[in-house]
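Everything below concerns the one structure shown next.
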There are 2 protein chains.
Amino acid sequence: MTTTETSPASTEVRRRASEAERAFSVTAASSPETRVAWLQAVADALDAHADELVAVADRETALGAGRLRGEVARTTGQLRLFADVVTEGSYLEAVIDHAVPSAAPPRPDLRRMLRPIGPVAVFAASNFPFAFSVAGGDTASALAVGCPVIVKAHPGHPELSRRTGSLVASALRGAGAPGGVFALVEGYEAGPALVDDPAIRAVAFTGSLAGGRALHDRAARRPSPIPFFGELGSLNPVVVTPGADAATGARLAEELAGSFQLGAGQFCTKPGVVFVPEGSVLEEALPQHVGGGAAALLTPSIATGFDEGVRRLAATEGVSVVAGRLDALGPDAVADEGARPVVLAVDASTLAERPDDILTEVFGPVTVLVRYTGDAGGDDLTHALDALEGSLTATLHAAPGEPVEPVLRRLETLAGRVLFEGWPTGVAVNWAQHHGGPWPATTSAHTSVGATAVRRFLRPIAYQSAPAGSLPEALRDDNPLRIPRRVDGELVLP
Amino acid sequence: MTTTETSPASTEVRRRASEAERAFSVTAASSPETRVAWLQAVADALDAHADELVAVADRETALGAGRLRGEVARTTGQLRLFADVVTEGSYLEAVIDHAVPSAAPPRPDLRRMLRPIGPVAVFAASNFPFAFSVAGGDTASALAVGCPVIVKAHPGHPELSRRTGSLVASALRGAGAPGGVFALVEGYEAGPALVDDPAIRAVAFTGSLAGGRALHDRAARRPSPIPFFGELGSLNPVVVTPGADAATGARLAEELAGSFQLGAGQFCTKPGVVFVPEGSVLEEALPQHVGGGAAALLTPSIATGFDEGVRRLAATEGVSVVAGRLDALGPDAVADEGARPVVLAVDASTLAERPDDILTEVFGPVTVLVRYTGDAGGDDLTHALDALEGSLTATLHAAPGEPVEPVLRRLETLAGRVLFEGWPTGVAVNWAQHHGGPWPATTSAHTSVGATAVRRFLRPIAYQSAPAGSLPEALRDDNPLRIPRRVDGELVLP
């Protein structure tokens, strides 16, 4: 364990965490309308400065102005979705059980709702400099429910982080939010200091398996452990059945090429392993869609990881190169010139024998085709799927009428989102979204994208025999917030 | 870390866990009606054998036939409540967002619901040999949602555990549940083996802070960490304001005496620390209600813990004995003759200075009065409350019209259930209950008692662009289960 008690970073974290704790006494008692105003002010500020922010982001991430502009819109849309969630009020899970004096034993009046958990630490990700960064989903959902936020900036886009942070802070101040409700900290040492700080009540992290595991373990080791909501890595398996390959293999090849190269392959939902029938149309058609120029990766360590990862994969016995050229690799080449896309292939039986060598996520434009024999319910594919760990997504391409139940049941155990006839790289921000999955995809059953993301930062409190004047508004008999509630066992709409 | 790989206990656990994993493929696909039938069969079997079970339980726990009979009723009522929860269907949190092809980017059809997490390990508690043991809340809620259960029996009531286990297994078999859906394992070594087993997807534990912390850390250390739902210890602070003491101190004394001595003080919700005004009516009236015979404690280690804990507390500088006699203590006396109730007292300023010496939960019939000066919003009480860790409950006794907001806000941060004018030892099993609280009360925001307890053993899955035939019934457009759902953002009742 690193001792950070006396470093400048940990002093700064302690100061910010104390301010957040003081702010919590105000934010915990804030009304929904108040928090809606905060979220809207932040969204408006980002929209108003989109041009400037996109320019800074493109300079620091090379993700391209078009993609980044769309990401700003997604980010402000996300803030506004959480405003809707807070206004609608179901997220409070309000439940009222009136007293039953005649029961044996007599039942007291009992009312339950969700309340904010306290100050939250958010670790920004490199690959979505808006949507998973300073003003991203975790920040939005924490503020939405009344939790102060301290963001640990990602070093991949420092200027953007500071500029966004300053816009967020000023928008919140302008909307009347208390000081301490939002802060940005920087530097490697700030991370462990945040996870250790006694005022921090939950941690949200999106990043690498190694870094996330270290912080997860650290959160669990605290004298008072706190929830760690981590998104750590995902292979996003895709299964193409023989029927789908025969009917649409050429189109699927083109779509797969688009999906795994999107954003230079730096999506958490990139399809990293694609199960195809032996001798597939898809495999034959894929190379013509793979190539083009080299793309700059987000950070030097991602470039190094891509170079090492692809070379390690390609050196594994039984793995061959289907598209792209290994001679374009080398740490200097990737860091200086960018990453060129690569497609590898391996037999399902080899994967089942050596899963650890093959099933390690490599960030960047690379995917692995896994060739299986027999049909989609056969032993060869089944054994290969059994070797997979959890993922954010799992995708099935099947022809109409093909029997897919067994493979679908398996995909459901592997992932938090199961797709049919599509590709995982688009993540809609709406009420039904779930962005999460079994370890190592995420460390918890709460999503980081979509309306239910607020659940990360809430905890239930039940009030027993409370006088009306001491009840939160959400639990008063006259339902002043006009929210859906469960009353004496019945769900009641306002 | 104990190596258990080759012990008989770990072999047995591995075998049971494999069976549970196989059963999961059946239980995960089971209909609500099917699982309702399982729960009702278990409840009926326990009710039918209540006399026999109570006799065995009383022999092993000395909790008394009256209390135990009530606990059987609570336990079977709990199984039937979960049957209602499953039938009602809101617990699935079904959400449907239809496709919006005109959106930019186009939005796919996306449908989210909660699905069972997989095989669950349940550690039985000593103090509720029915309600928190073999067929207790965690077993009921896991079975309710389709998770196979392996119970680690508590050594405090082995014969009862086996008999209950055999009734549960036979009732489930009779109701058509698959083999492997339920198993009972025994012995110390089975515990860590269960937490380590790769087939186990969640752990539920009710017990001591030391034991729970060890298992919590073990679950977090796994190659694939799993959620650990632990209930580890709770002081259940009670605050009596000057107004409440003046108006009702004598009655409160009698009620407190009843609450802290209930079940020989072996409730997780026992009021263990009671804040009273200096020179309170309550303190003066309390001794006359404390006493009577010695009560046998549940296990030798609880007896030892009570003896050591009370002597340690009483030896702390500034702590005095208000009721009961220390000369009734001694390890042999408590183990052989039982525990006699003790009330200690200390000043709030002393507590604020030495919280660690005083604020350690002692299981058994002991409580600590903490005398504060000034009113309920004053510094003396506030500083003392600041020294408290999380609890399952926090209770406020105030007179009508007394200003209690500051102390109430503090109690909300400390506990998962806030009571007014009552005592925490009764825990209603209903829709609104929350039995949980900040560390060390529990390790998670999901309750172990009440309708929402099922949330422990569920995880979300979103289905994107799924053909109707591949959707779970809960997500089909025609809503065959007739459950409440959110459709395109609107909560819709069936």
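Chain lettering (A, B, ...) mirrors the order of the structure tokens, residue numbering begins at 1 for each chain separately, and ligand numbering begins at 1 in order of display.
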Any chance you could tabulate, as CSV, the residues of chain A at most 8 Å from chain B with each one's nearest atom pair and distance in Å to one decimal, using only C-alpha atoms, in chain and rising number order?
```
residue,atom,partner,partner_atom,distance
A:Val95,CA,B:Ala432,CA,5.2
A:Ile96,CA,B:Ala432,CA,6.0
A:Asp97,CA,B:Ala432,CA,5.9
A:Arg107,CA,B:Ala428,CA,6.5
A:Pro108,CA,B:Ala428,CA,7.8
A:Leu110,CA,B:Ala432,CA,6.0
A:Arg111,CA,B:Ala432,CA,5.4
A:Arg112,CA,B:Ala432,CA,5.0
A:Asp217,CA,B:Ala220,CA,6.8
A:Ala220,CA,B:Ala220,CA,6.6
A:Arg221,CA,B:Asp217,CA,7.2
A:Ser224,CA,B:Trp439,CA,5.9
A:Pro225,CA,B:Trp439,CA,7.2
A:Ile226,CA,B:Thr443,CA,7.8
A:Pro227,CA,B:Ser444,CA,7.5
A:Glu405,CA,B:Ser470,CA,7.8
A:Glu412,CA,B:Ile461,CA,7.5
A:Ala415,CA,B:Ile461,CA,7.4
A:Gly416,CA,B:Ile461,CA,4.6
A:Arg417,CA,B:Ala462,CA,4.5
A:Val418,CA,B:Tyr463,CA,4.9
A:Leu419,CA,B:Gln464,CA,4.6
A:Phe420,CA,B:Ala466,CA,5.4
A:Glu421,CA,B:Ser465,CA,7.0
A:Gly422,CA,B:Ser465,CA,7.6
A:Ala428,CA,B:Arg107,CA,6.5
A:Asn430,CA,B:Asp97,CA,7.5
A:Trp431,CA,B:Gly489,CA,6.2
A:Ala432,CA,B:Arg112,CA,5.0
A:Gln433,CA,B:Ala462,CA,6.3
A:His434,CA,B:Ala462,CA,5.6
A:Trp439,CA,B:Ser224,CA,5.9
A:Pro440,CA,B:Ser224,CA,7.1
A:Thr443,CA,B:Pro225,CA,7.5
A:Ser444,CA,B:Pro227,CA,7.5
A:Ala445,CA,B:Arg459,CA,5.2
A:His446,CA,B:Pro460,CA,7.7
A:Leu458,CA,B:Ala445,CA,7.8
A:Arg459,CA,B:Ala445,CA,5.2
A:Pro460,CA,B:Gly416,CA,6.4
A:Ile461,CA,B:Gly416,CA,4.6
A:Ala462,CA,B:Arg417,CA,4.5
A:Tyr463,CA,B:Val418,CA,4.9
A:Gln464,CA,B:Leu419,CA,4.6
A:Ser465,CA,B:Phe420,CA,5.4
A:Ala466,CA,B:Phe420,CA,5.4
A:Pro467,CA,B:Phe420,CA,7.7
A:Ser470,CA,B:Glu405,CA,7.8
A:Asp488,CA,B:Trp431,CA,7.6
A:Gly489,CA,B:Trp431,CA,6.3
A:Leu491,CA,B:Leu493,CA,7.9
A:Leu493,CA,B:Leu491,CA,7.9
```
### Query
Please, which residues of range 132-372 of chain A, numbered as in this document, come out helix (DSSP H, G or I) from DSSP, as number ranges by chain?
A: 137-145, 158-174, 190-196, 209-221, 242-265, 281-289, 300-314, 326-328, 331-337, 348-353, 355-358
### Query
Which one of A:His397, A:Pro365, A:Ser126, A:Thr164 sits closest to Ala253 in chain A if you count only C-alpha atoms?
A:His397
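Candidate residues B:His383, B:Arg22, B:Arg312, B:Arg325 were compared for distance to Ile358 in chain B, and the nearest is B:Arg312, using only C-alpha atoms.
Taking CA of Pro242 in chain B as the reference point, CA of Cys268 in chain B is found at 27.1 Å.
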### Query
Please, which residues of range 179-372 of chain A, numbered as in this document, come out strand (DSSP E or B) from DSSP, as number ranges by chain?
A: 182-185, 202-206, 228-231, 238-240, 273-277, 295, 320-323, 339, 342-347, 366-372
### Message
I'd like the contact shell of range 148-153 of chain A - 6 Å cut-off, only C-alpha atoms, skipping same-chain residues fewer than 5 positions apart - returned as a ChimeraX atom specification.
### Response
/A:20,119-124,181-186
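The nearest approach to Asp336 in chain B among the residues B:Asp307, B:Asp197, B:Asp47, B:Asp386, with only C-alpha atoms taken into account, belongs to B:Asp307.
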### Query
Mind pulling up the distance from CA of Ser133 in chain A to CA of Val368 in chain A?
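Between CA of Val368 in chain A and CA of Ser133 in chain A the gap works out to 28.9 Å.
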### Message
Can you measure CA of Ala43 in chain B to CA of Leu92 in chain B for me? One decimal in Å is fine.
### Response
22.9 Å
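Counting only C-alpha atoms and comparing A:Gly318, A:Gly156, A:Gly305, A:Leu297, the residue that lies closest to Gly338 in chain A is A:Leu297.
In terms of minimum interatomic distance to Ala125 in chain A, A:Phe205 ranks closest within A:Arg69, A:Phe82, A:Pro198, A:Phe205, counting only C-alpha atoms.
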Using only C-alpha atoms, which protein or nucleic acid residues come within 10 Å of range 55-62 of chain B? Drop anything in the same chain fewer than 4 positions from it, and give the result as a CSV table (one decimal) with C-alpha atoms, in the first residue's frame.
```csv
chain,number,residue,atom,x,y,z
B,50,ALA,CA,-43.7,-26.5,13.7
B,51,ASP,CA,-44.2,-28.4,17.0
B,66,GLY,CA,-43.2,-19.0,22.6
B,67,ARG,CA,-40.6,-16.9,20.9
B,68,LEU,CA,-39.6,-19.8,18.6
B,69,ARG,CA,-43.1,-20.5,17.6
B,126,SER,CA,-27.2,-18.3,15.6
B,127,ASN,CA,-29.7,-15.9,17.0
B,128,PHE,CA,-32.7,-16.5,14.7
B,129,PRO,CA,-32.6,-20.3,14.2
B,130,PHE,CA,-35.5,-20.1,11.8
B,155,PRO,CA,-23.0,-24.9,14.6
B,156,GLY,CA,-25.2,-23.4,17.4
B,157,HIS,CA,-28.3,-25.5,16.3
B,158,PRO,CA,-27.0,-28.4,14.2
B,159,GLU,CA,-29.9,-30.8,14.7
B,160,LEU,CA,-32.5,-28.1,13.9
B,161,SER,CA,-30.4,-27.2,10.8
B,163,ARG,CA,-34.1,-31.3,10.3
B,263,GLY,CA,-34.0,-12.9,23.7
B,264,ALA,CA,-31.3,-12.5,26.3
B,295,ALA,CA,-30.6,-16.4,30.8
B,296,ALA,CA,-28.7,-19.1,28.8
B,297,LEU,CA,-26.9,-17.7,25.8
B,298,LEU,CA,-26.9,-19.3,22.4
B,299,THR,CA,-23.4,-20.6,22.2
```
### Task
Excluding Thr360 in chain A and residues on its chain fewer than 4 positions from it, collect all residues at most 9 Å away from it, counting only C-alpha atoms, and give them as a ChimeraX atom specification.
/A:234-235,309,313,355-356
Based on the selection just made, write N, CA, C and O atoms of those residues as a CSV table (one decimal), in the first residue's frame.
```
chain,number,residue,atom,x,y,z
A,234,SER,N,-13.7,-5.8,-21.3
A,234,SER,CA,-14.8,-6.6,-21.9
A,234,SER,C,-14.4,-7.1,-23.3
A,234,SER,O,-13.9,-6.3,-24.1
A,235,LEU,N,-14.6,-8.3,-23.6
A,235,LEU,CA,-14.2,-8.9,-24.9
A,235,LEU,C,-15.4,-8.8,-25.9
A,235,LEU,O,-15.3,-8.8,-27.1
A,309,GLY,N,0.0,-6.4,-27.1
A,309,GLY,CA,-1.1,-7.3,-27.1
A,309,GLY,C,-1.2,-8.0,-28.4
A,309,GLY,O,-1.4,-9.2,-28.4
A,313,LEU,N,-0.7,-12.0,-29.0
A,313,LEU,CA,-1.8,-12.8,-29.6
A,313,LEU,C,-1.3,-13.6,-30.8
A,313,LEU,O,-1.5,-14.8,-31.0
A,355,PRO,N,-7.3,-20.7,-23.2
A,355,PRO,CA,-8.1,-19.4,-23.2
A,355,PRO,C,-7.3,-18.2,-22.6
A,355,PRO,O,-7.5,-17.1,-23.1
A,356,ASP,N,-6.5,-18.5,-21.7
A,356,ASP,CA,-5.8,-17.3,-21.0
A,356,ASP,C,-4.9,-16.6,-22.0
A,356,ASP,O,-4.6,-15.4,-21.9
```
### Task
Would you mind listing what lies within 9 Å of Arg35 in chain B as a list in words, with only C-alpha atoms counted and same-chain residues fewer than 6 positions away left out?
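Result of the neighbour search: Thr27, Ala83, Val86, Leu143, Ala144, Val145, Gly146 and Ala177 of chain B.
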